[in-house]
file work_17.tsv (TSV, C-alpha atoms)
chain	number	residue	atom	x	y	z
A	1	MET	CA	68.45	107.72	91.68
A	2	HIS	CA	70.05	108.65	88.37
A	3	ILE	CA	68.29	111.65	86.97
A	4	ALA	CA	68.59	111.12	83.23
A	5	GLU	CA	70.62	113.39	80.95
A	6	GLY	CA	68.83	116.65	80.18
A	7	PHE	CA	65.98	115.94	82.60
A	8	LEU	CA	66.74	118.82	84.94
A	9	PRO	CA	66.09	122.39	83.74
A	10	PRO	CA	69.40	124.24	83.12
A	11	ALA	CA	69.05	126.48	86.20
A	12	HIS	CA	68.59	123.46	88.47
A	13	ALA	CA	71.41	121.56	86.78
A	14	VAL	CA	73.82	124.46	87.34
A	15	ALA	CA	72.66	125.04	90.92
A	16	TRP	CA	73.22	121.40	91.95
A	17	GLY	CA	76.59	121.44	90.20
A	18	VAL	CA	77.62	124.53	92.16
A	19	ALA	CA	76.36	122.96	95.39
A	20	SER	CA	78.29	119.72	94.81
A	21	ALA	CA	81.60	121.11	93.53
A	22	PRO	CA	83.06	122.24	96.90
A	23	PHE	CA	82.32	118.86	98.48
A	24	VAL	CA	84.07	117.04	95.65
A	25	VAL	CA	87.09	119.38	95.71
A	26	HIS	CA	87.35	119.05	99.49
A	27	GLY	CA	86.96	115.28	99.10
A	28	ALA	CA	89.74	115.14	96.52
A	29	ARG	CA	92.03	116.96	98.97
A	30	SER	CA	91.16	114.53	101.79
A	31	LEU	CA	91.74	111.62	99.43
A	32	THR	CA	95.22	112.77	98.38
A	33	ARG	CA	96.10	113.50	102.02
A	34	GLU	CA	94.91	110.04	103.10
A	35	VAL	CA	96.95	108.36	100.37
A	36	ARG	CA	100.05	110.45	101.11
A	37	GLU	CA	99.96	109.97	104.89
A	38	HIS	CA	98.80	106.37	104.85
A	39	PRO	CA	99.90	104.72	101.59
A	40	GLU	CA	98.94	101.38	103.13
A	41	SER	CA	95.27	102.38	103.04
A	42	THR	CA	95.25	102.69	99.22
A	43	LEU	CA	94.21	99.07	98.88
A	44	LEU	CA	91.30	99.43	101.27
A	45	LEU	CA	90.28	102.65	99.49
A	46	GLY	CA	90.21	100.68	96.26
A	47	ALA	CA	88.07	98.03	97.92
A	48	ALA	CA	85.61	100.65	99.20
A	49	GLY	CA	85.37	102.15	95.71
A	50	ALA	CA	84.94	98.70	94.21
A	51	PHE	CA	82.06	97.99	96.60
A	52	THR	CA	80.24	101.08	95.30
A	53	PHE	CA	81.00	99.98	91.75
A	54	VAL	CA	79.43	96.57	92.25
A	55	LEU	CA	76.40	97.68	94.22
A	56	SER	CA	75.43	100.55	91.95
A	57	ALA	CA	75.48	98.16	88.97
A	58	LEU	CA	73.12	95.69	90.64
A	59	LYS	CA	69.55	96.43	89.71
A	60	LEU	CA	67.31	94.49	92.05
A	61	PRO	CA	63.56	93.91	92.05
A	62	SER	CA	61.60	95.45	94.88
A	63	VAL	CA	58.21	95.09	96.54
A	64	THR	CA	56.71	97.90	94.46
A	65	GLY	CA	57.09	95.79	91.32
A	66	SER	CA	59.88	97.94	89.95
A	67	CYS	CA	63.67	97.72	89.99
A	68	SER	CA	66.30	99.92	91.50
A	69	HIS	CA	69.88	99.64	92.69
A	70	PRO	CA	71.74	100.17	95.97
A	71	THR	CA	74.51	102.77	96.18
A	72	GLY	CA	77.24	101.13	98.25
A	73	THR	CA	78.43	104.45	99.68
A	74	GLY	CA	77.82	103.64	103.35
A	75	LEU	CA	80.83	101.35	103.72
A	76	GLY	CA	83.37	103.87	102.47
A	77	ALA	CA	81.80	106.67	104.51
A	78	ILE	CA	82.11	104.61	107.69
A	79	LEU	CA	85.70	103.57	106.92
A	80	PHE	CA	87.15	106.77	105.46
A	81	ARG	CA	84.60	109.47	106.37
A	82	PRO	CA	82.16	111.04	103.90
A	83	PRO	CA	84.43	113.54	102.02
A	84	ILE	CA	86.36	110.69	100.42
A	85	MET	CA	83.12	109.08	99.26
A	86	ALA	CA	82.24	112.32	97.48
A	87	VAL	CA	85.14	111.56	95.14
A	88	LEU	CA	84.61	107.80	94.81
A	89	GLY	CA	80.88	108.29	94.21
A	90	THR	CA	81.57	110.94	91.56
A	91	ILE	CA	83.89	108.53	89.74
A	92	VAL	CA	81.16	105.87	89.65
A	93	LEU	CA	78.56	108.39	88.44
A	94	LEU	CA	80.91	109.68	85.73
A	95	PHE	CA	81.56	106.14	84.51
A	96	GLN	CA	77.82	105.49	84.29
A	97	ALA	CA	77.07	108.84	82.67
A	98	LEU	CA	79.75	108.51	80.00
A	99	LEU	CA	79.61	104.81	79.13
A	100	LEU	CA	76.15	103.63	80.10
A	101	ALA	CA	74.03	106.72	79.31
A	102	HIS	CA	72.83	106.20	82.87
A	103	GLY	CA	72.51	109.54	84.61
A	104	GLY	CA	74.21	112.31	82.66
A	105	LEU	CA	76.69	115.15	82.53
A	106	THR	CA	74.08	117.88	82.92
A	107	THR	CA	72.54	116.04	85.88
A	108	LEU	CA	75.89	114.96	87.34
A	109	GLY	CA	75.81	117.72	89.95
A	110	ALA	CA	72.39	116.67	91.22
A	111	ASN	CA	73.26	112.96	91.18
A	112	VAL	CA	76.57	113.60	92.96
A	113	PHE	CA	74.71	115.63	95.57
A	114	SER	CA	72.31	112.78	96.37
A	115	MET	CA	74.55	109.73	96.03
A	116	ALA	CA	78.03	110.98	96.82
A	117	ILE	CA	77.34	113.75	99.36
A	118	VAL	CA	74.03	113.48	101.24
A	119	GLY	CA	73.98	109.66	101.26
A	120	PRO	CA	77.46	109.23	102.78
A	121	TRP	CA	76.98	112.07	105.29
A	122	ALA	CA	73.55	110.84	106.43
A	123	GLY	CA	74.81	107.26	106.68
A	124	TYR	CA	77.93	108.32	108.55
A	125	GLY	CA	75.80	110.43	110.90
A	126	ALA	CA	73.50	107.49	111.67
A	127	TYR	CA	76.52	105.25	112.24
A	128	ARG	CA	78.23	107.68	114.60
A	129	LEU	CA	75.04	108.38	116.52
A	130	LEU	CA	74.40	104.69	117.16
A	131	ARG	CA	78.02	104.09	118.12
A	132	ARG	CA	77.96	107.01	120.51
A	133	PHE	CA	75.07	105.40	122.34
A	134	GLY	CA	77.08	102.22	122.63
A	135	ALA	CA	75.50	100.21	119.79
A	136	PRO	CA	77.58	97.25	118.60
A	137	LEU	CA	79.75	97.83	115.52
A	138	MET	CA	77.61	95.77	113.15
A	139	ALA	CA	74.37	97.48	114.25
A	140	GLY	CA	76.00	100.82	113.45
A	141	VAL	CA	77.26	99.54	110.09
A	142	PHE	CA	73.83	98.23	109.13
A	143	ALA	CA	72.14	101.52	110.06
A	144	GLY	CA	74.83	103.54	108.29
A	145	ALA	CA	74.47	101.65	105.02
A	146	PHE	CA	70.66	101.61	105.24
A	147	VAL	CA	70.44	105.35	105.84
A	148	ALA	CA	73.04	106.20	103.17
A	149	ASP	CA	71.08	104.21	100.60
A	150	LEU	CA	67.59	105.44	101.47
A	151	SER	CA	68.52	109.10	101.99
A	152	THR	CA	70.10	109.18	98.52
A	153	TYR	CA	66.77	108.31	96.94
A	154	CYS	CA	64.88	110.75	99.17
A	155	VAL	CA	67.17	113.53	97.95
A	156	THR	CA	66.55	112.53	94.33
A	157	SER	CA	62.80	112.75	94.98
A	158	VAL	CA	63.22	116.24	96.46
A	159	GLN	CA	65.39	117.33	93.53
A	160	LEU	CA	62.82	116.21	90.98
A	161	ALA	CA	59.90	117.65	92.95
A	162	LEU	CA	61.71	121.02	93.09
A	163	ALA	CA	62.23	120.97	89.34
A	164	PHE	CA	58.80	119.62	88.42
A	165	PRO	CA	56.19	120.71	90.98
A	166	ASP	CA	52.72	119.31	90.44
A	167	PRO	CA	50.50	121.84	88.56
A	168	SER	CA	47.72	121.46	91.16
A	169	SER	CA	49.29	120.19	94.39
A	170	GLY	CA	52.68	121.89	93.94
A	171	PHE	CA	55.99	120.75	95.41
A	172	LEU	CA	54.47	118.42	98.01
A	173	GLY	CA	52.28	116.65	95.48
A	174	ALA	CA	55.24	116.05	93.21
A	175	LEU	CA	57.35	114.94	96.18
A	176	GLY	CA	54.72	112.31	97.01
A	177	LYS	CA	54.77	111.14	93.42
A	178	PHE	CA	58.56	110.88	93.07
A	179	GLY	CA	58.86	109.59	96.64
A	180	SER	CA	56.54	106.69	95.89
A	181	ILE	CA	58.62	105.85	92.81
A	182	PHE	CA	62.02	106.09	94.50
A	183	ALA	CA	61.87	105.97	98.27
A	184	VAL	CA	59.30	103.20	98.75
A	185	THR	CA	60.99	100.99	96.15
A	186	GLN	CA	64.27	101.59	97.91
A	187	ILE	CA	63.34	100.39	101.41
A	188	PRO	CA	63.94	96.64	100.82
A	189	LEU	CA	67.02	97.45	98.73
A	190	ALA	CA	68.39	99.57	101.57
A	191	ILE	CA	67.92	96.57	103.86
A	192	SER	CA	69.83	94.42	101.34
A	193	GLU	CA	72.59	96.99	101.18
A	194	GLY	CA	72.76	97.06	104.98
A	195	LEU	CA	73.14	93.28	105.10
A	196	LEU	CA	75.79	93.23	102.35
A	197	THR	CA	77.74	96.02	104.04
A	198	VAL	CA	77.64	94.09	107.33
A	199	LEU	CA	78.94	91.04	105.45
A	200	VAL	CA	81.85	92.97	103.94
A	201	MET	CA	82.62	94.62	107.28
A	202	ARG	CA	82.70	91.17	108.93
A	203	LEU	CA	85.19	90.01	106.30
A	204	LEU	CA	87.24	93.17	106.85
A	205	VAL	CA	87.28	92.60	110.62
A	206	GLN	CA	88.75	89.15	109.92
A	207	SER	CA	91.24	90.23	107.30
A	208	SER	CA	92.22	93.83	108.01
A	209	LYS	CA	92.17	94.37	111.77
A	210	GLY	CA	95.20	96.66	111.57
A	211	ASP	CA	93.66	99.06	109.04
A	212	LEU	CA	90.32	99.14	110.85
A	213	THR	CA	92.03	99.89	114.16
A	214	ARG	CA	93.97	102.75	112.61
A	215	LEU	CA	90.76	104.15	111.07
A	216	GLY	CA	89.12	104.03	114.50
A	217	VAL	CA	86.35	101.62	113.49
A	218	PHE	CA	86.56	99.61	116.71
A	219	LEU	CA	86.26	102.60	119.02
A	220	SER	CA	82.79	103.56	120.12
A	221	GLY	CA	81.93	107.07	118.96
A	222	LYS	CA	82.96	108.96	122.07
A	223	ARG	CA	86.30	110.09	120.72
A	224	ASN	CA	86.93	111.94	117.52
A	225	ARG	CA	89.10	110.53	114.82
A	226	THR	CA	92.38	112.26	115.62
A	227	GLU	CA	92.24	110.94	119.15
A	228	SER	CA	91.39	107.48	117.97
A	229	GLU	CA	94.32	107.61	115.56
A	230	ALA	CA	96.60	108.61	118.36
A	231	ALA	CA	95.23	105.77	120.46
A	232	ALA	CA	95.87	103.33	117.66
A	233	ARG	CA	99.52	104.27	117.40
B	234	MET	CA	80.89	74.97	108.91
B	235	LYS	CA	82.36	77.47	111.34
B	236	ARG	CA	79.99	79.85	113.12
B	237	ASN	CA	81.46	82.82	111.27
B	238	THR	CA	80.91	81.22	107.88
B	239	LYS	CA	77.35	80.31	108.86
B	240	ILE	CA	76.51	83.91	109.72
B	241	ASN	CA	78.02	85.13	106.45
B	242	ALA	CA	76.04	82.56	104.47
B	243	LEU	CA	72.88	83.57	106.32
B	244	LEU	CA	73.46	87.24	105.40
B	245	LEU	CA	73.84	86.30	101.72
B	246	ALA	CA	70.73	84.12	101.86
B	247	LEU	CA	68.73	87.01	103.33
B	248	VAL	CA	69.85	89.34	100.52
B	249	ALA	CA	68.96	86.72	97.94
B	250	ALA	CA	65.54	86.20	99.56
B	251	LEU	CA	64.86	89.95	99.53
B	252	ALA	CA	65.63	90.02	95.80
B	253	VAL	CA	63.70	86.88	94.88
B	254	LEU	CA	60.57	87.41	96.99
B	255	PRO	CA	59.09	90.27	94.93
B	256	LEU	CA	59.52	88.12	91.81
B	257	ALA	CA	58.17	84.94	93.42
B	258	LEU	CA	55.16	86.74	94.90
B	259	GLY	CA	54.44	88.34	91.54
B	260	LEU	CA	54.42	91.84	92.97
B	261	GLY	CA	54.88	93.36	89.52
B	262	ASP	CA	51.93	91.53	87.97
B	263	ASP	CA	49.51	94.42	88.29
B	264	LYS	CA	51.75	96.61	86.11
B	265	GLU	CA	51.80	96.82	82.36
B	266	GLU	CA	55.54	96.29	82.38
B	267	PRO	CA	56.62	94.58	85.59
B	268	PHE	CA	59.96	95.42	87.21
B	269	THR	CA	61.01	98.38	85.11
B	270	GLY	CA	63.69	100.69	86.50
B	271	SER	CA	62.64	103.40	88.93
B	272	ASP	CA	64.81	105.89	87.00
B	273	GLY	CA	62.72	105.33	83.89
B	274	GLN	CA	59.50	105.64	85.88
B	275	ALA	CA	60.68	109.00	87.14
B	276	GLU	CA	61.16	110.12	83.53
B	277	THR	CA	57.58	109.08	82.78
B	278	ALA	CA	56.37	110.94	85.87
B	279	ILE	CA	58.19	114.07	84.68
B	280	THR	CA	56.47	113.95	81.30
B	281	GLU	CA	53.14	113.50	83.09
B	282	LEU	CA	53.74	116.49	85.34
B	283	GLU	CA	55.09	118.67	82.55
B	284	PRO	CA	54.02	117.29	79.18
B	285	ASP	CA	55.90	120.03	77.32
B	286	TYR	CA	59.24	119.29	78.91
B	287	GLU	CA	61.92	118.43	76.38
B	288	PRO	CA	65.27	117.09	77.61
B	289	TRP	CA	67.71	119.79	76.53
B	290	PHE	CA	70.78	117.63	76.35
B	291	SER	CA	71.31	114.07	75.19
B	292	PRO	CA	74.00	111.60	76.27
B	293	LEU	CA	77.30	111.90	74.39
B	294	TYR	CA	77.39	108.15	73.98
B	295	GLU	CA	74.45	105.80	74.21
B	296	PRO	CA	74.81	102.01	74.16
B	297	PRO	CA	73.28	101.01	70.81
B	298	SER	CA	71.18	98.18	72.28
B	299	GLY	CA	69.96	96.69	75.53
B	300	GLU	CA	72.50	93.91	75.12
B	301	ILE	CA	75.43	96.31	74.93
B	302	GLU	CA	74.07	98.21	77.89
B	303	SER	CA	73.77	95.07	80.01
B	304	ALA	CA	77.29	94.10	78.93
B	305	LEU	CA	78.60	97.42	80.20
B	306	PHE	CA	76.70	97.02	83.47
B	307	ALA	CA	78.13	93.52	83.84
B	308	LEU	CA	81.58	94.98	83.16
B	309	GLN	CA	81.05	97.54	85.89
B	310	ALA	CA	80.03	94.86	88.40
B	311	ALA	CA	82.85	92.56	87.29
B	312	LEU	CA	85.47	95.29	87.70
B	313	GLY	CA	84.22	96.02	91.20
B	314	ALA	CA	83.97	92.37	92.17
B	315	GLY	CA	87.45	91.72	90.75
B	316	VAL	CA	89.04	94.46	92.85
B	317	LEU	CA	87.19	93.27	95.98
B	318	ALA	CA	88.27	89.68	95.39
B	319	TYR	CA	91.87	90.80	94.82
B	320	TYR	CA	91.79	92.74	98.08
B	321	PHE	CA	90.46	89.88	100.20
B	322	GLY	CA	92.66	87.31	98.46
B	323	LEU	CA	95.76	89.41	99.02
B	324	ARG	CA	94.88	89.93	102.69
B	325	ARG	CA	94.29	86.24	103.24
B	326	GLY	CA	97.51	85.29	101.49
B	327	ARG	CA	99.52	87.79	103.53
B	328	ARG	CA	98.00	86.53	106.77
B	329	GLN	CA	98.80	82.92	105.90
B	330	GLY	CA	102.32	83.89	104.87
B	331	GLU	CA	102.85	85.68	108.19
B	332	GLN	CA	101.54	82.69	110.12
B	333	ARG	CA	103.84	80.33	108.27
B	334	ALA	CA	106.82	82.60	108.82
B	335	THR	CA	106.12	82.75	112.57
B	336	GLN	CA	105.69	79.01	112.74
B	337	ALA	CA	108.94	78.46	110.84
B	338	ARG	CA	110.74	80.90	113.15
B	339	GLN	CA	109.40	79.16	116.24
B	340	ALA	CA	110.38	75.77	114.88
B	341	GLU	CA	113.86	77.11	114.15
B	342	GLU	CA	114.20	78.52	117.68
B	343	ARG	CA	113.15	75.18	119.11
B	344	THR	CA	115.79	73.24	117.14
B	345	ASP	CA	118.37	75.92	117.96
B	346	SER	CA	117.74	75.68	121.70
B	347	GLY	CA	117.68	71.88	121.40
B	348	ALA	CA	121.09	72.01	119.75
B	349	ASP	CA	122.40	74.32	122.50
B	350	GLU	CA	121.22	71.92	125.19
B	351	SER	CA	122.81	68.94	123.55
B	352	ALA	CA	125.98	70.99	123.07
B	353	THR	CA	126.14	71.94	126.76
B	354	GLY	CA	125.33	68.35	127.69
B	355	ARG	CA	128.36	67.17	125.76
B	356	VAL	CA	130.76	69.54	127.50
call {"tool": "encode", "arguments": {"input": "work_17.tsv", "output": "structure tokens"}}
result
Amino acid sequence: MHIAEGFLPPAHAVAWGVASAPFVVHGARSLTREVREHPESTLLLGAAGAFTFVLSALKLPSVTGSCSHPTGTGLGAILFRPPIMAVLGTIVLLFQALLLAHGGLTTLGANVFSMAIVGPWAGYGAYRLLRRFGAPLMAGVFAGAFVADLSTYCVTSVQLALAFPDPSSGFLGALGKFGSIFAVTQIPLAISEGLLTVLVMRLLVQSSKGDLTRLGVFLSGKRNRTESEAAAR
Amino acid sequence: MKRNTKINALLLALVAALAVLPLALGLGDDKEEPFTGSDGQAETAITELEPDYEPWFSPLYEPPSGEIESALFALQAALGAGVLAYYFGLRRGRRQGEQRATQARQAEERTDSGADESATGRV
């Protein structure tokens, strides 16, 4: 999903940067608040960030005969809500843009928008929806991670199709082209990411019951987070 | 193996199978270059759609070779895996420490109460 450096026209690059900035600023505020109010969650925050670090470095083969990588943003979005993932995802993307020439500074806004904003929000939405209808925790976690991963790549396809519409078939033609490169390749990888996220969540349930209870992970989605926090106290 | 461990192993096996199957089934064989990155394919698609497009900015730093690039990717994965392992190791250690402390306290209470009984018995 990394749009390479310089591969978005300047107007698009600026527009995606402007669209992403408020989410990242808001996320940075939520992150500092979380760390200030719950210093004990710093470790788990680090673990969630580390999960994204590992998964976005793993390039895996897919059924389309090409390779791509998961994003790892679903886990953190489920644990800490999406705004915090906007920051953690941006850190990962910056690391890759600066050291690996993977993605880029001019395309950072667009890449942040797909991987660190839409992915976490879509995944979190899927997770909450399933939980609200009484789905078991792990079913929600799988769906959350799957949707976060796949939606990221769908957004990338849209971004590229907007910037490079097909000369004959226009935006939709280009969307089909980029979608077949990104989204189809991503389906099995999104399943892998779902399974890995379930694995990590299972380990967390064993090792960090206290933190998960405070974050409201065990409550089904009928209450909002402040209520669940109050209940946990 | 405990049931929990079995499920975890099964999850890992499924992920491994999903990664290996495309290779084992030779799903990339019909391509000129099998299993290239989708990001690179998107770049090719862009140049097909707009042959005149020139990237207007180039990376500030580019790994000089594929080897250096893979080293940096491995570093990224290793950093992440290291932090995750630290987290789970620390949690496990703390839990064991707590268990031991409770056990020690219970054992102490038992000997204390035993001593009390023998003391009252003597009086």
call {"tool": "closest_atom_pairs", "arguments": {"input": "work_17.tsv", "of": "chain A", "to": "chain B", "cutoff": "6 Å", "atoms": "all atoms listed in the file", "output": "tab-separated table"}}
result
residue	atom	partner	partner_atom	distance
A:Glu5	CA	B:Ser291	CA	5.8
A:Gly6	CA	B:Phe290	CA	4.4
A:Phe7	CA	B:Pro288	CA	5.2
A:Ala47	CA	B:Leu317	CA	5.2
A:Ala50	CA	B:Gly313	CA	4.1
A:Phe53	CA	B:Gly313	CA	5.1
A:Val54	CA	B:Ala310	CA	4.3
A:Ala57	CA	B:Ala310	CA	5.6
A:Pro61	CA	B:Ala252	CA	5.8
A:Ser62	CA	B:Pro255	CA	5.8
A:Val63	CA	B:Pro255	CA	5.2
A:Gly65	CA	B:Gly261	CA	3.7
A:Ser66	CA	B:Phe268	CA	3.7
A:Cys67	CA	B:Gly270	CA	4.6
A:Ser68	CA	B:Ser271	CA	5.7
A:Ala101	CA	B:Glu295	CA	5.2
A:Asp166	CA	B:Leu282	CA	5.9
A:Ser192	CA	B:Val248	CA	5.1
A:Ser207	CA	B:Arg324	CA	5.9
call {"tool": "axis_aligned_box", "arguments": {"input": "work_17.tsv", "around": "segment 22-32 of chain A", "padding_each_side": "6 Å", "output": "AutoDock Vina command-line options"}}
result
--center_x 88.8 --center_y 116.9 --center_z 98.7 --size_x 24.9 --size_y 22.6 --size_z 18.1
call {"tool": "atom_distance", "arguments": {"input": "work_17.tsv", "atom1": "atom CA of Thr152 of chain A", "atom2": "atom CA of Thr71 of chain A"}}
result
8.1 Å
call {"tool": "atom_distance", "arguments": {"input": "work_17.tsv", "atom1": "atom CA of Val200 of chain A", "atom2": "atom CA of Leu43 of chain A"}}
result
14.7 Å
call {"tool": "atom_distance", "arguments": {"input": "work_17.tsv", "atom1": "atom CA of Lys209 of chain A", "atom2": "atom CA of Leu44 of chain A"}}
result
11.7 Å
call {"tool": "build_atoms", "arguments": {"input": "work_17.tsv", "residues": "segment 59-73 of chain A", "atoms": "N, CA and C atoms", "output": "tab-separated table (two decimals), in the coordinates of the input"}}
result
chain	number	residue	atom	x	y	z
A	59	LYS	N	70.94	95.99	89.66
A	59	LYS	CA	69.55	96.43	89.71
A	59	LYS	C	68.71	95.29	90.24
A	60	LEU	N	68.04	95.55	91.36
A	60	LEU	CA	67.31	94.49	92.05
A	60	LEU	C	65.82	94.77	92.05
A	61	PRO	N	65.01	93.72	91.96
A	61	PRO	CA	63.56	93.91	92.05
A	61	PRO	C	63.15	94.28	93.47
A	62	SER	N	62.07	95.02	93.56
A	62	SER	CA	61.60	95.45	94.88
A	62	SER	C	60.10	95.19	95.03
A	63	VAL	N	59.61	95.40	96.25
A	63	VAL	CA	58.21	95.09	96.54
A	63	VAL	C	57.21	95.92	95.75
A	64	THR	N	57.64	97.06	95.21
A	64	THR	CA	56.71	97.90	94.46
A	64	THR	C	56.52	97.39	93.03
A	65	GLY	N	57.20	96.30	92.68
A	65	GLY	CA	57.09	95.79	91.32
A	65	GLY	C	57.95	96.54	90.34
A	66	SER	N	58.93	97.31	90.86
A	66	SER	CA	59.88	97.94	89.95
A	66	SER	C	61.30	97.63	90.45
A	67	CYS	N	62.28	98.05	89.67
A	67	CYS	CA	63.67	97.72	89.99
A	67	CYS	C	64.44	98.98	90.33
A	68	SER	N	65.41	98.82	91.21
A	68	SER	CA	66.30	99.92	91.50
A	68	SER	C	67.62	99.33	91.98
A	69	HIS	N	68.58	100.20	92.28
A	69	HIS	CA	69.88	99.64	92.69
A	69	HIS	C	70.36	100.30	93.98
A	70	PRO	N	71.14	99.56	94.78
A	70	PRO	CA	71.74	100.17	95.97
A	70	PRO	C	72.86	101.13	95.56
A	71	THR	N	73.46	101.80	96.52
A	71	THR	CA	74.51	102.77	96.18
A	71	THR	C	75.89	102.35	96.65
A	72	GLY	N	75.95	101.61	97.76
A	72	GLY	CA	77.24	101.13	98.25
A	72	GLY	C	78.13	102.20	98.84
A	73	THR	N	77.57	103.37	99.18
A	73	THR	CA	78.43	104.45	99.68
A	73	THR	C	78.60	104.42	101.20
